[in-house]
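**Student:** So here's upload-v4.txt, just compact mmCIF, C-alpha atoms:
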```
# COMPACT_ATOMS: atom_id res chain seq x y z
CA MET C 1 -40.25 -42.54 -14.53
CA LYS C 2 -43.76 -41.13 -14.86
CA TYR C 3 -42.51 -38.38 -17.16
CA ARG C 4 -40.55 -40.90 -19.22
CA MET C 5 -43.73 -42.91 -19.74
CA ILE C 6 -45.62 -39.81 -20.90
CA VAL C 7 -42.86 -38.95 -23.36
CA SER C 8 -42.77 -42.48 -24.75
CA MET C 9 -46.54 -42.67 -25.17
CA ALA C 10 -46.54 -39.39 -27.06
CA CYS C 11 -43.81 -40.59 -29.34
CA VAL C 12 -45.76 -43.73 -30.26
CA PHE C 13 -47.82 -41.54 -32.57
CA LEU C 14 -44.78 -41.08 -34.79
CA PHE C 15 -43.34 -44.56 -34.27
CA THR C 16 -43.41 -45.98 -37.77
CA ALA C 17 -44.04 -49.52 -36.67
CA SER C 18 -41.35 -51.89 -37.74
CA LEU C 19 -38.48 -49.68 -38.69
CA PHE C 20 -38.02 -46.21 -37.32
CA GLY C 21 -38.15 -45.10 -33.70
CA CYS C 22 -39.78 -41.91 -32.54
CA ALA C 23 -39.76 -39.46 -35.44
CA GLY C 24 -36.60 -40.96 -36.85
CA LEU C 25 -36.28 -38.28 -39.51
CA PRO C 26 -37.04 -34.57 -39.33
CA ALA C 27 -39.60 -32.97 -41.60
CA THR C 28 -38.26 -32.74 -45.15
CA THR C 29 -40.80 -30.75 -47.11
CA GLY C 30 -39.63 -27.25 -48.01
CA GLY C 31 -37.60 -25.01 -45.76
CA THR C 32 -33.89 -24.35 -45.35
CA THR C 33 -31.61 -27.22 -44.37
CA ILE C 34 -29.21 -26.44 -41.54
CA PRO C 35 -25.79 -27.72 -42.70
CA PRO C 36 -24.44 -30.29 -40.23
CA VAL C 37 -21.06 -30.80 -41.86
CA THR C 38 -19.36 -27.52 -42.66
CA PRO C 39 -17.28 -27.50 -44.65
CA LEU C 40 -17.62 -30.88 -46.31
CA THR C 41 -13.94 -31.74 -46.44
CA PRO C 42 -12.52 -32.76 -49.84
CA VAL C 43 -11.74 -36.45 -49.51
CA ALA C 44 -9.11 -37.99 -51.76
CA LYS C 45 -10.42 -41.46 -50.96
CA LYS C 46 -13.99 -41.99 -49.85
CA THR C 47 -13.37 -43.86 -46.62
CA THR C 48 -16.19 -45.13 -44.42
CA VAL C 49 -16.44 -45.19 -40.64
CA SER C 50 -15.74 -48.93 -40.48
CA GLU C 51 -12.68 -48.59 -42.72
CA ARG C 52 -11.19 -45.77 -40.70
CA TYR C 53 -12.23 -46.54 -37.15
CA GLY C 54 -13.49 -50.13 -36.96
CA GLU C 55 -14.32 -50.71 -33.29
CA ASN C 56 -12.27 -47.73 -32.11
CA ILE C 57 -15.44 -45.97 -31.05
CA PHE C 58 -15.62 -44.88 -27.43
CA TYR C 59 -18.33 -43.44 -25.19
CA LYS C 60 -17.88 -40.45 -22.91
CA ASN C 61 -20.41 -38.98 -20.54
CA PHE C 62 -21.17 -35.44 -21.62
CA SER C 63 -19.94 -34.11 -18.28
CA ASP C 64 -16.54 -35.70 -18.97
CA ILE C 65 -16.05 -34.08 -22.38
CA THR C 66 -13.51 -31.27 -22.43
CA GLN C 67 -12.08 -29.24 -25.28
CA LYS C 68 -8.81 -31.17 -24.89
CA LEU C 69 -10.53 -34.26 -26.34
CA ILE C 70 -11.38 -32.40 -29.53
CA PRO C 71 -8.69 -32.04 -32.22
CA GLY C 72 -8.05 -28.52 -33.45
CA GLN C 73 -7.20 -29.59 -36.98
CA LEU C 74 -10.15 -30.48 -39.20
CA ILE C 75 -10.64 -34.25 -39.53
CA GLU C 76 -12.21 -35.56 -42.72
CA VAL C 77 -15.73 -36.86 -42.19
CA PRO C 78 -16.11 -40.47 -43.40
CA VAL C 79 -18.38 -40.52 -46.43
CA ASP C 80 -21.16 -42.64 -44.91
CA LEU C 81 -21.21 -40.54 -41.74
CA ALA C 82 -21.35 -37.32 -43.76
CA GLU C 83 -24.28 -38.70 -45.76
CA TYR C 84 -25.99 -39.73 -42.52
CA PHE C 85 -25.61 -36.26 -41.02
CA ILE C 86 -26.90 -34.56 -44.16
CA ALA C 87 -29.90 -36.88 -44.57
CA ARG C 88 -31.01 -36.17 -41.01
CA SER C 89 -30.39 -32.44 -40.90
CA PRO C 90 -33.39 -30.49 -39.58
CA LYS C 91 -35.06 -27.96 -41.84
CA VAL C 92 -36.40 -24.55 -40.92
CA ALA C 93 -38.98 -22.36 -42.63
CA ASP C 94 -37.76 -18.94 -41.49
CA LEU C 95 -34.07 -18.95 -40.62
CA LYS C 96 -33.92 -15.25 -39.68
CA ARG C 97 -36.82 -15.55 -37.26
CA PHE C 98 -35.34 -18.72 -35.79
CA GLU C 99 -31.97 -17.07 -35.15
CA LYS C 100 -33.59 -13.92 -33.76
CA GLU C 101 -35.81 -15.82 -31.33
CA PHE C 102 -32.94 -18.06 -30.24
CA TRP C 103 -30.61 -15.17 -29.45
CA GLU C 104 -33.40 -13.35 -27.61
CA GLU C 105 -34.13 -16.41 -25.48
CA ALA C 106 -30.44 -17.14 -24.94
CA GLY C 107 -29.89 -13.50 -24.02
CA GLU C 108 -32.44 -13.75 -21.23
CA LEU C 109 -30.30 -16.57 -19.80
CA GLY C 110 -27.18 -14.43 -20.03
CA TYR C 111 -25.65 -15.85 -23.22
CA THR C 112 -24.28 -13.61 -25.98
CA LYS C 113 -23.26 -14.19 -29.60
CA GLN C 114 -19.70 -13.21 -28.81
CA GLU C 115 -19.53 -15.78 -26.03
CA LEU C 116 -21.02 -18.70 -27.94
CA GLN C 117 -19.01 -18.03 -31.09
CA THR C 118 -15.79 -18.44 -29.10
CA ALA C 119 -16.81 -20.85 -26.30
CA ASP C 120 -15.70 -24.47 -25.92
CA ALA C 121 -17.93 -27.06 -27.61
CA PRO C 122 -19.45 -28.47 -24.37
CA GLU C 123 -20.33 -24.93 -23.26
CA VAL C 124 -22.04 -24.19 -26.58
CA ILE C 125 -24.06 -27.41 -26.44
CA MET C 126 -25.08 -26.76 -22.83
CA ALA C 127 -26.16 -23.22 -23.68
CA ILE C 128 -28.35 -24.51 -26.50
CA VAL C 129 -29.94 -27.18 -24.30
CA GLU C 130 -30.70 -24.64 -21.57
CA THR C 131 -32.19 -22.23 -24.10
CA VAL C 132 -34.39 -24.91 -25.64
CA ALA C 133 -35.54 -26.08 -22.21
CA SER C 134 -36.28 -22.48 -21.21
CA ARG C 135 -38.40 -21.79 -24.27
CA ILE C 136 -40.15 -25.08 -25.10
CA THR C 137 -43.00 -26.56 -23.08
CA TYR C 138 -43.46 -30.29 -23.57
CA PHE C 139 -46.65 -30.94 -25.52
CA ASN C 140 -47.81 -33.80 -27.73
CA VAL C 141 -47.92 -31.71 -30.89
CA ASP C 142 -48.08 -34.82 -33.09
CA GLY C 143 -51.11 -36.33 -31.40
CA ASP C 144 -53.20 -33.43 -30.13
CA LYS C 145 -56.29 -33.01 -32.32
CA ASN C 146 -56.75 -29.33 -31.53
CA PHE C 147 -53.14 -28.55 -32.40
CA LYS C 148 -53.40 -30.42 -35.70
CA ALA C 149 -56.72 -28.78 -36.51
CA ARG C 150 -55.13 -25.36 -36.05
CA TYR C 151 -51.74 -25.93 -37.67
CA GLY C 152 -52.39 -28.80 -40.07
CA LYS C 153 -51.82 -32.53 -39.98
CA ASP C 154 -48.32 -32.43 -41.48
CA LEU C 155 -45.14 -31.97 -39.47
CA LEU C 156 -44.10 -28.35 -39.12
CA GLN C 157 -40.55 -27.12 -39.52
CA MET C 158 -38.43 -26.99 -36.38
CA ASP C 159 -38.33 -23.21 -36.13
CA THR C 160 -42.13 -23.12 -36.13
CA TYR C 161 -42.29 -25.30 -33.02
CA PHE C 162 -39.63 -23.07 -31.46
CA HIS C 163 -41.73 -20.03 -32.34
CA LEU C 164 -44.85 -21.63 -30.84
CA LYS C 165 -42.84 -22.70 -27.77
CA LEU C 166 -44.28 -26.21 -27.92
CA GLY C 167 -42.82 -29.59 -28.83
CA ASP C 168 -42.38 -33.25 -27.99
CA CYS C 169 -39.21 -35.32 -27.80
CA ASP C 170 -38.11 -35.25 -31.43
CA LYS C 171 -38.70 -31.49 -31.56
CA TYR C 172 -36.43 -30.94 -28.54
CA ARG C 173 -33.86 -33.08 -30.33
CA ASP C 174 -34.09 -31.51 -33.78
CA ILE C 175 -34.26 -27.94 -32.50
CA THR C 176 -31.10 -28.60 -30.48
CA ILE C 177 -29.36 -30.04 -33.55
CA ALA C 178 -30.51 -27.15 -35.76
CA LEU C 179 -29.38 -24.47 -33.33
CA TYR C 180 -25.98 -26.08 -33.00
CA GLY C 181 -25.66 -25.99 -36.79
CA ILE C 182 -26.56 -22.29 -36.81
CA ILE C 183 -23.93 -21.41 -34.21
CA LYS C 184 -21.33 -23.65 -35.83
CA ASN C 185 -21.79 -21.91 -39.17
CA SER C 186 -22.20 -18.37 -37.85
CA PHE C 187 -19.83 -15.56 -38.86
CA ASP C 188 -21.92 -12.74 -37.34
CA VAL C 189 -19.68 -11.36 -34.62
CA VAL C 190 -16.16 -12.78 -34.80
CA LYS C 191 -16.21 -13.08 -38.62
CA LYS C 192 -15.04 -16.68 -38.51
CA ARG C 193 -16.44 -20.01 -37.44
CA ASN C 194 -15.86 -21.08 -33.86
CA PRO C 195 -12.76 -23.32 -34.16
CA ASN C 196 -13.71 -25.17 -30.98
CA LEU C 197 -16.69 -26.70 -32.77
CA THR C 198 -14.52 -28.20 -35.49
CA ASN C 199 -14.88 -32.01 -35.52
CA VAL C 200 -17.97 -31.93 -33.25
CA TYR C 201 -21.33 -32.87 -34.76
CA LEU C 202 -24.83 -33.37 -33.39
CA SER C 203 -27.21 -35.95 -34.79
CA VAL C 204 -30.03 -38.31 -33.82
CA GLU C 205 -30.04 -40.97 -31.12
CA LYS C 206 -29.71 -43.96 -33.45
CA LEU C 207 -25.94 -43.52 -33.64
CA GLY C 208 -25.37 -45.77 -30.65
CA GLY C 209 -28.69 -45.50 -28.84
CA ILE C 210 -31.22 -48.21 -28.02
CA ILE C 211 -34.33 -48.22 -30.19
CA ARG C 212 -36.99 -46.49 -28.09
CA ASN C 213 -40.26 -44.68 -28.66
CA HIS C 214 -38.32 -41.58 -27.75
CA ALA C 215 -35.79 -39.19 -29.28
CA TRP C 216 -32.59 -37.62 -28.01
CA VAL C 217 -29.24 -36.28 -29.26
CA THR C 218 -25.97 -38.00 -30.16
CA ILE C 219 -22.76 -35.97 -30.02
CA VAL C 220 -20.05 -37.23 -32.38
CA ILE C 221 -16.42 -36.15 -31.99
CA LEU C 222 -14.05 -37.02 -34.82
CA ARG C 223 -10.45 -37.80 -33.91
CA GLU C 224 -7.61 -39.03 -36.07
CA ASP C 225 -7.64 -42.60 -34.77
CA SER C 226 -10.92 -42.88 -32.88
CA LEU C 227 -14.50 -41.72 -32.70
CA ILE C 228 -16.00 -40.45 -29.46
CA ILE C 229 -19.74 -40.35 -28.95
CA SER C 230 -21.88 -39.05 -26.15
CA GLN C 231 -25.64 -38.85 -25.74
CA ILE C 232 -27.82 -36.25 -24.07
CA ASP C 233 -31.57 -35.95 -23.61
CA PRO C 234 -32.88 -32.36 -23.86
CA THR C 235 -36.45 -33.51 -23.22
CA PHE C 236 -35.66 -35.16 -19.89
CA TYR C 237 -33.43 -32.23 -18.98
CA ASP C 238 -36.40 -29.88 -19.28
CA SER C 239 -38.33 -31.92 -16.72
CA THR C 240 -35.71 -33.48 -14.47
CA ASP C 241 -32.52 -31.44 -15.00
CA VAL C 242 -30.81 -34.73 -15.91
CA LEU C 243 -29.08 -34.37 -19.26
CA GLU C 244 -26.84 -37.45 -19.40
CA ALA C 245 -28.07 -40.51 -21.25
CA GLU C 246 -28.90 -43.38 -18.90
CA ASN C 247 -27.15 -46.71 -19.31
CA GLY C 248 -29.83 -49.32 -19.96
CA TYR C 249 -32.45 -46.86 -21.14
CA HIS C 250 -30.79 -44.68 -23.76
CA ILE C 251 -27.68 -46.73 -24.41
CA ILE C 252 -25.98 -49.99 -23.43
CA LEU C 253 -22.44 -49.32 -22.25
CA ASP C 254 -21.81 -52.84 -20.95
CA GLN C 255 -19.02 -54.43 -23.02
CA ASN C 256 -19.29 -51.46 -25.38
CA ALA C 257 -22.52 -52.86 -26.85
CA PHE C 258 -23.35 -49.36 -28.07
CA ARG C 259 -20.88 -49.93 -30.93
CA ALA C 260 -23.23 -52.51 -32.43
CA TYR C 261 -26.10 -50.03 -32.24
CA PHE C 262 -23.89 -47.34 -33.76
CA TYR C 263 -23.14 -49.34 -36.90
CA GLN C 264 -26.71 -50.56 -37.08
CA GLY C 265 -27.93 -46.97 -36.97
CA LEU C 266 -25.37 -45.89 -39.55
CA GLY C 267 -26.39 -48.87 -41.70
CA ASP C 268 -28.28 -47.58 -44.72
CA LYS C 269 -27.24 -49.50 -47.86
CA ASN C 270 -23.74 -50.32 -46.64
CA ILE C 271 -23.81 -54.02 -45.82
CA GLU C 272 -20.42 -53.73 -44.10
CA ASN C 273 -22.02 -51.56 -41.40
CA PHE C 274 -24.68 -54.20 -40.79
CA SER C 275 -22.12 -57.02 -40.87
CA LEU C 276 -19.89 -55.27 -38.35
CA SER C 277 -22.92 -54.48 -36.21
CA TYR C 278 -23.87 -58.17 -36.05
CA ARG C 279 -20.32 -59.29 -35.34
CA ILE C 280 -20.28 -56.94 -32.37
CA PHE C 281 -23.78 -57.97 -31.25
CA LYS C 282 -22.78 -61.65 -31.28
CA LYS C 283 -19.47 -61.04 -29.51
CA VAL C 284 -21.11 -58.95 -26.79
CA TYR C 285 -24.01 -61.38 -26.42
CA ALA C 286 -21.64 -64.34 -25.99
CA GLY C 287 -19.92 -62.62 -23.07
CA MET C 288 -23.06 -61.28 -21.41
CA THR C 289 -24.63 -62.83 -18.30
CA ASN C 290 -27.24 -60.17 -17.51
CA LYS C 291 -30.41 -61.65 -19.01
CA LYS C 292 -32.23 -58.32 -19.15
CA ILE C 293 -29.46 -56.83 -21.28
CA MET C 294 -29.22 -60.02 -23.38
CA ASP C 295 -32.94 -59.73 -24.08
CA GLU C 296 -32.51 -56.08 -25.07
CA LEU C 297 -29.56 -56.91 -27.32
CA LEU C 298 -31.60 -59.45 -29.28
CA ARG C 299 -34.42 -56.96 -29.74
CA GLY C 300 -31.89 -54.41 -30.97
CA ALA C 301 -30.34 -56.88 -33.38
CA SER C 302 -33.78 -57.75 -34.77
CA PHE C 303 -34.35 -54.09 -35.61
CA GLY C 304 -31.20 -54.14 -37.70
CA ALA C 305 -32.31 -57.35 -39.39
CA VAL C 306 -35.53 -55.69 -40.56
CA ARG C 307 -33.61 -52.75 -41.98
CA LEU C 308 -31.12 -55.10 -43.62
CA ALA C 309 -34.01 -56.95 -45.28
CA TYR C 310 -34.87 -53.87 -47.33
CA TYR C 311 -31.55 -54.13 -49.14
CA TYR C 312 -30.27 -57.66 -48.50
CA PRO C 313 -33.22 -59.93 -47.57
CA GLN C 314 -31.31 -63.21 -47.75
CA GLU C 315 -28.63 -61.96 -45.36
CA ALA C 316 -31.37 -60.70 -43.05
CA ILE C 317 -32.83 -64.22 -42.83
CA ALA C 318 -29.52 -65.55 -41.50
CA GLU C 319 -29.47 -62.86 -38.82
CA ILE C 320 -33.08 -63.20 -37.68
CA SER C 321 -32.66 -66.99 -37.55
CA TRP C 322 -29.75 -66.61 -35.13
CA ILE C 323 -31.72 -64.11 -33.06
CA ASN C 324 -34.75 -66.40 -32.83
CA GLU C 325 -32.53 -69.34 -31.83
CA GLN C 326 -31.03 -67.36 -28.96
CA TYR C 327 -34.43 -66.11 -27.88
CA GLN C 328 -35.86 -69.61 -27.73
CA ALA C 329 -32.79 -71.02 -25.97
CA LYS C 330 -33.17 -68.50 -23.13
CA ASN C 331 -36.97 -68.75 -23.13
CA PHE C 332 -37.29 -64.96 -23.32
CA ARG C 333 -40.79 -63.51 -23.67
CA ARG C 334 -40.58 -59.74 -23.22
CA TYR C 335 -40.08 -58.92 -26.91
CA LEU C 336 -41.37 -62.12 -28.47
CA ASP C 337 -44.23 -60.36 -30.25
CA THR C 338 -41.71 -57.91 -31.72
CA LEU C 339 -39.51 -60.74 -32.98
CA LEU C 340 -42.49 -62.57 -34.47
CA TYR C 341 -43.55 -59.48 -36.38
CA ARG C 342 -40.06 -58.72 -37.61
CA SER C 343 -39.55 -62.34 -38.66
CA TYR C 344 -42.80 -62.10 -40.60
CA LYS C 345 -41.60 -58.93 -42.33
CA ILE C 346 -38.17 -60.33 -43.18
CA TYR C 347 -39.43 -63.61 -44.62
CA SER C 348 -42.10 -61.75 -46.58
CA ARG C 349 -39.47 -59.45 -48.00
CA ALA C 350 -37.30 -62.41 -48.98
CA GLY C 351 -40.20 -64.12 -50.75
CA TYR C 352 -40.75 -66.97 -48.27
CA LYS C 353 -44.49 -66.43 -47.95
CA GLN C 354 -45.26 -69.72 -46.21
CA THR C 355 -42.71 -69.14 -43.44
CA ALA C 356 -43.83 -65.52 -43.13
CA GLU C 357 -47.43 -66.67 -42.72
CA MET C 358 -46.35 -69.05 -39.94
CA TYR C 359 -44.83 -66.19 -37.94
CA LYS C 360 -47.88 -64.05 -38.59
CA LYS C 361 -50.31 -66.72 -37.34
CA THR C 362 -48.21 -67.30 -34.22
CA LEU C 363 -48.24 -63.58 -33.47
CA LEU C 364 -52.02 -63.33 -33.94
CA LYS C 365 -52.62 -66.38 -31.76
CA GLU C 366 -50.24 -65.69 -28.88
CA PHE C 367 -50.40 -61.89 -28.78
CA PRO C 368 -53.82 -60.81 -30.10
CA LYS C 369 -53.61 -57.43 -28.32
CA SER C 370 -50.06 -56.64 -29.39
CA PHE C 371 -49.21 -53.36 -31.08
CA TRP C 372 -47.73 -55.41 -33.90
CA VAL C 373 -51.07 -57.06 -34.68
CA GLY C 374 -52.42 -53.63 -35.50
CA GLN C 375 -49.34 -52.99 -37.61
CA ILE C 376 -50.03 -56.13 -39.65
CA LYS C 377 -53.46 -54.75 -40.50
CA ILE C 378 -51.85 -51.48 -41.60
CA ASP C 379 -49.35 -53.43 -43.72
CA GLU C 380 -52.14 -55.39 -45.37
CA LYS C 381 -54.06 -52.23 -46.25
CA LYS C 382 -50.93 -50.80 -47.84
CA ASP C 383 -50.46 -53.99 -49.85
CA GLU C 384 -54.04 -53.76 -51.11
CA LYS C 385 -53.37 -50.29 -52.51
CA LYS C 386 -50.32 -51.42 -54.46
```
As structure tokens, please, write out the structure in this file.

**Tutor:**
Amino acid sequence: MKYRMIVSMACVFLFTASLFGCAGLPATTGGTTIPPVTPLTPVAKKTTVSERYGENIFYKNFSDITQKLIPGQLIEVPVDLAEYFIARSPKVADLKRFEKEFWEEAGELGYTKQELQTADAPEVIMAIVETVASRITYFNVDGDKNFKARYGKDLLQMDTYFHLKLGDCDKYRDITIALYGIIKNSFDVVKKRNPNLTNVYLSVEKLGGIIRNHAWVTIVILREDSLIISQIDPTFYDSTDVLEAENGYHIILDQNAFRAYFYQGLGDKNIENFSLSYRIFKKVYAGMTNKKIMDELLRGASFGAVRLAYYYPQEAIAEISWINEQYQAKNFRRYLDTLLYRSYKIYSRAGYKQTAEMYKKTLLKEFPKSFWVGQIKIDEKKDEKK
């Protein structure tokens, strides 16, 4: 628990207030993008995840995943999921150095190219996690003044952190994702891609995970009639040897609530993803009796409402209104400052300045020391520059 707190505090530096959790996106300036979806399957009809799978999304603990769960024949990647993978693909500055240093480190642990280019998918992922944990020492690279003075204030590419052997939670995550992409696309030894990695993709935690000031990895397995996801935490593994995501911290498995978070994370401009997310949130909430989880569900739903407001502000008002009603009915307090801030943002976005101001004043009055009060000041400075 102590280590978890340290990780979360470090990630606050990159927590872009109202919208994106810890380092939600990898660095995007320059460098080589590691392809996450290879090959991009020709799709006769551009189907989306919701159209193909609906709620047929299931969670498996990583330790329960076997190669038998993974289809051998290539499954088309739904268009919105493919776009999500591509948009969040890590970039590297020096691919050759990255590969060289990875194989050297992996070799010290007893792994070879031949083995990993023919191994089962869970074995490949585990080998990568162990190699990353062996090489990287946890360090707050985003907040340490001396580090930034030496290497610059901007985010470095993932291979640079790997080279320096230092990183915080999103670096553990993105390095793991990047290395998986390298192995998945490698022809070096066996002169063909590892067929066991077909239909298995690694991405960020928001595909099913709770919004935290922390970063970890989502594993996505495409099947013909269902989607399987699993989540692992390379950062915690380095400190505690516990790789599995924890129910209640990383993900909510109760009543398959993670499905709502999955579609919320997938979101983007597709209103159907948000709509399905809220239908699941409301269905799960109605059947939930655990107040702690109910509280967490409402906070999660409010995050989606803020994102929705960027594209569909009027629809976002309907969602945040329902969330606030439930919060008041249960007299919850834990995330009230968060809901007040997000309500302020949504109503501002929709053009209801008077209502937005009401939420803002309530936040300032009831929670003067809240993180979100500081965020309001940042927002106001940005508005002044426009």

**Student:** Would you please work out which residue, of C:Asp142, C:Asp225, C:Asp120, C:Glu101, is nearest to Lys165 of chain C when using only C-alpha atoms?

**Tutor:** C:Glu101

**Student:** Set the distance at 10 Å and use only C-alpha atoms: which residues neighbour Glu315 of chain C once local chain neighbours fewer than 3 positions away are removed? I'd like the list as a list in words.

**Tutor:**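 Non-adjacent residues within range: Ile271, Phe274, Ser275, Ala305, Leu308, Ala309, Tyr311, Tyr312, Ala318, Glu319, Ile320, Ile346 and Ala350 of chain C.
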
**Student:** Could you dump the residues just selected with C-alpha atoms as a compact mmCIF listing (two decimals), keeping the file's coordinate frame?

**Tutor:**
```txt
# COMPACT_ATOMS: atom_id res chain seq x y z
CA ILE C 271 -23.81 -54.02 -45.82
CA PHE C 274 -24.68 -54.20 -40.79
CA SER C 275 -22.12 -57.02 -40.87
CA ALA C 305 -32.31 -57.35 -39.39
CA LEU C 308 -31.12 -55.10 -43.62
CA ALA C 309 -34.01 -56.95 -45.28
CA TYR C 311 -31.55 -54.13 -49.14
CA TYR C 312 -30.27 -57.66 -48.50
CA ALA C 318 -29.52 -65.55 -41.50
CA GLU C 319 -29.47 -62.86 -38.82
CA ILE C 320 -33.08 -63.20 -37.68
CA ILE C 346 -38.17 -60.33 -43.18
CA ALA C 350 -37.30 -62.41 -48.98
```

**Student:** Calculated over all atoms listed in the file, which of the candidates C:Asp94, C:Asp170, C:Glu130, C:Glu380 has the smallest distance to Ala106 of chain C?

**Tutor:** C:Glu130

**Student:** Show me a table, sorted first by chain and then by increasing residue number, of the residues of segment 147-219 of chain C having an atom at most 9 Å from segment 255-269 of chain C, each with its shortest atom pair and the distance in Å to one decimal, counting only C-alpha atoms and written as a tab-separated table.

**Tutor:**
```
residue	atom	partner	partner_atom	distance
C:Glu205	CA	C:Gly265	CA	8.6
C:Lys206	CA	C:Gly265	CA	5.0
C:Leu207	CA	C:Phe262	CA	4.3
C:Gly208	CA	C:Phe262	CA	3.8
C:Gly209	CA	C:Tyr261	CA	6.2
C:Ile210	CA	C:Tyr261	CA	6.9
C:Ile211	CA	C:Tyr261	CA	8.7
```

**Student:** When distances are computed from only C-alpha atoms, which of C:Thr338, C:Ser226, C:Gln114, C:Gln231 shows the smallest separation from Ser63 of chain C?

**Tutor:**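 Of C:Thr338, C:Ser226, C:Gln114, C:Gln231, the one nearest Ser63 of chain C is C:Gln231, counting only C-alpha atoms.
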
**Student:** Calculated over only C-alpha atoms, which of the candidates C:Asn61, C:Asn331, C:Thr176, C:Thr48 has the smallest distance to Leu253 of chain C?

**Tutor:**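 The shortest atom-to-atom distance to Leu253 of chain C comes from C:Asn61.
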
**Student:** In Å, with one decimal, what is the gap from atom CA of Asn185 of chain C to atom CA of Gln117 of chain C?

**Tutor:**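 Here the two named atoms are 9.4 Å from each other.
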
**Student:** To one decimal in Å, tell me the separation between atom CA of Leu363 of chain C and atom CA of Ile378 of chain C.

**Tutor:**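 Separating atom CA of Leu363 of chain C from atom CA of Ile378 of chain C is a distance of 15.0 Å.
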
**Student:** Using only C-alpha atoms, can you list as number ranges by chain the residues within 10 Å of (-49.5, -54.0, -42.8)?

**Tutor:** C: 17-18, 345, 372-384

**Student:** Check the smallest atom-to-atom distance from each of C:Val141, C:Leu297, C:Ala286, C:Leu74 to Asn196 of chain C using all atoms listed in the file, then report the winner.

**Tutor:**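 Between C:Val141, C:Leu297, C:Ala286, C:Leu74, the residue approaching Asn196 of chain C most closely is C:Leu74.
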
**Student:** Using all atoms listed in the file, pick whichever of C:Arg135, C:Lys91, C:Lys153, C:Lys184 has the shortest atom-to-atom distance to Thr118 of chain C.

**Tutor:**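 The answer is C:Lys184, which sits nearest to Thr118 of chain C.
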
**Student:** Figure out the distance between atom CA of Arg342 of chain C and atom CA of Ile317 of chain C, please, to one decimal in Å.

**Tutor:**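 Going from atom CA of Ile317 of chain C over to atom CA of Arg342 of chain C, I get 10.5 Å.
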
**Student:** Using only C-alpha atoms, which residues sit within 8 Å of Tyr59 of chain C once same-chain residues fewer than 4 positions away are excluded, as a PyMOL selection string?

**Tutor:** chain C and resi 228-230+253

**Student:** Add whatever atoms are absent from segment 158-169 of chain C to reach N, CA and C atoms, and provide the output as a short mmCIF file (atom, residue, chain, number, x, y, z; two decimals), keeping the file's coordinate frame.

**Tutor:**
```
data_model
loop_
_atom_site.label_atom_id
_atom_site.label_comp_id
_atom_site.auth_asym_id
_atom_site.auth_seq_id
_atom_site.Cartn_x
_atom_site.Cartn_y
_atom_site.Cartn_z
N MET C 158 -38.88 -27.09 -37.77
CA MET C 158 -38.43 -26.99 -36.38
C MET C 158 -38.53 -25.58 -35.82
N ASP C 159 -38.26 -24.57 -36.64
CA ASP C 159 -38.33 -23.21 -36.13
C ASP C 159 -39.75 -22.80 -35.78
N THR C 160 -40.73 -23.44 -36.43
CA THR C 160 -42.13 -23.12 -36.13
C THR C 160 -42.49 -23.61 -34.74
N TYR C 161 -42.05 -24.81 -34.38
CA TYR C 161 -42.29 -25.30 -33.02
C TYR C 161 -41.57 -24.40 -32.00
N PHE C 162 -40.37 -23.97 -32.35
CA PHE C 162 -39.63 -23.07 -31.46
C PHE C 162 -40.38 -21.76 -31.29
N HIS C 163 -40.95 -21.26 -32.38
CA HIS C 163 -41.73 -20.03 -32.34
C HIS C 163 -42.98 -20.20 -31.47
N LEU C 164 -43.63 -21.36 -31.60
CA LEU C 164 -44.85 -21.63 -30.84
C LEU C 164 -44.55 -22.01 -29.39
N LYS C 165 -43.30 -22.33 -29.11
CA LYS C 165 -42.84 -22.70 -27.77
C LYS C 165 -43.42 -24.02 -27.29
N LEU C 166 -43.71 -24.90 -28.24
CA LEU C 166 -44.28 -26.21 -27.92
C LEU C 166 -43.55 -27.29 -28.70
N GLY C 167 -43.44 -28.49 -28.10
CA GLY C 167 -42.82 -29.59 -28.83
C GLY C 167 -42.74 -30.84 -28.00
N ASP C 168 -42.62 -31.99 -28.68
CA ASP C 168 -42.38 -33.25 -27.99
C ASP C 168 -40.93 -33.67 -28.22
N CYS C 169 -40.62 -34.93 -27.92
CA CYS C 169 -39.21 -35.32 -27.80
C CYS C 169 -38.38 -35.09 -29.05
#
```
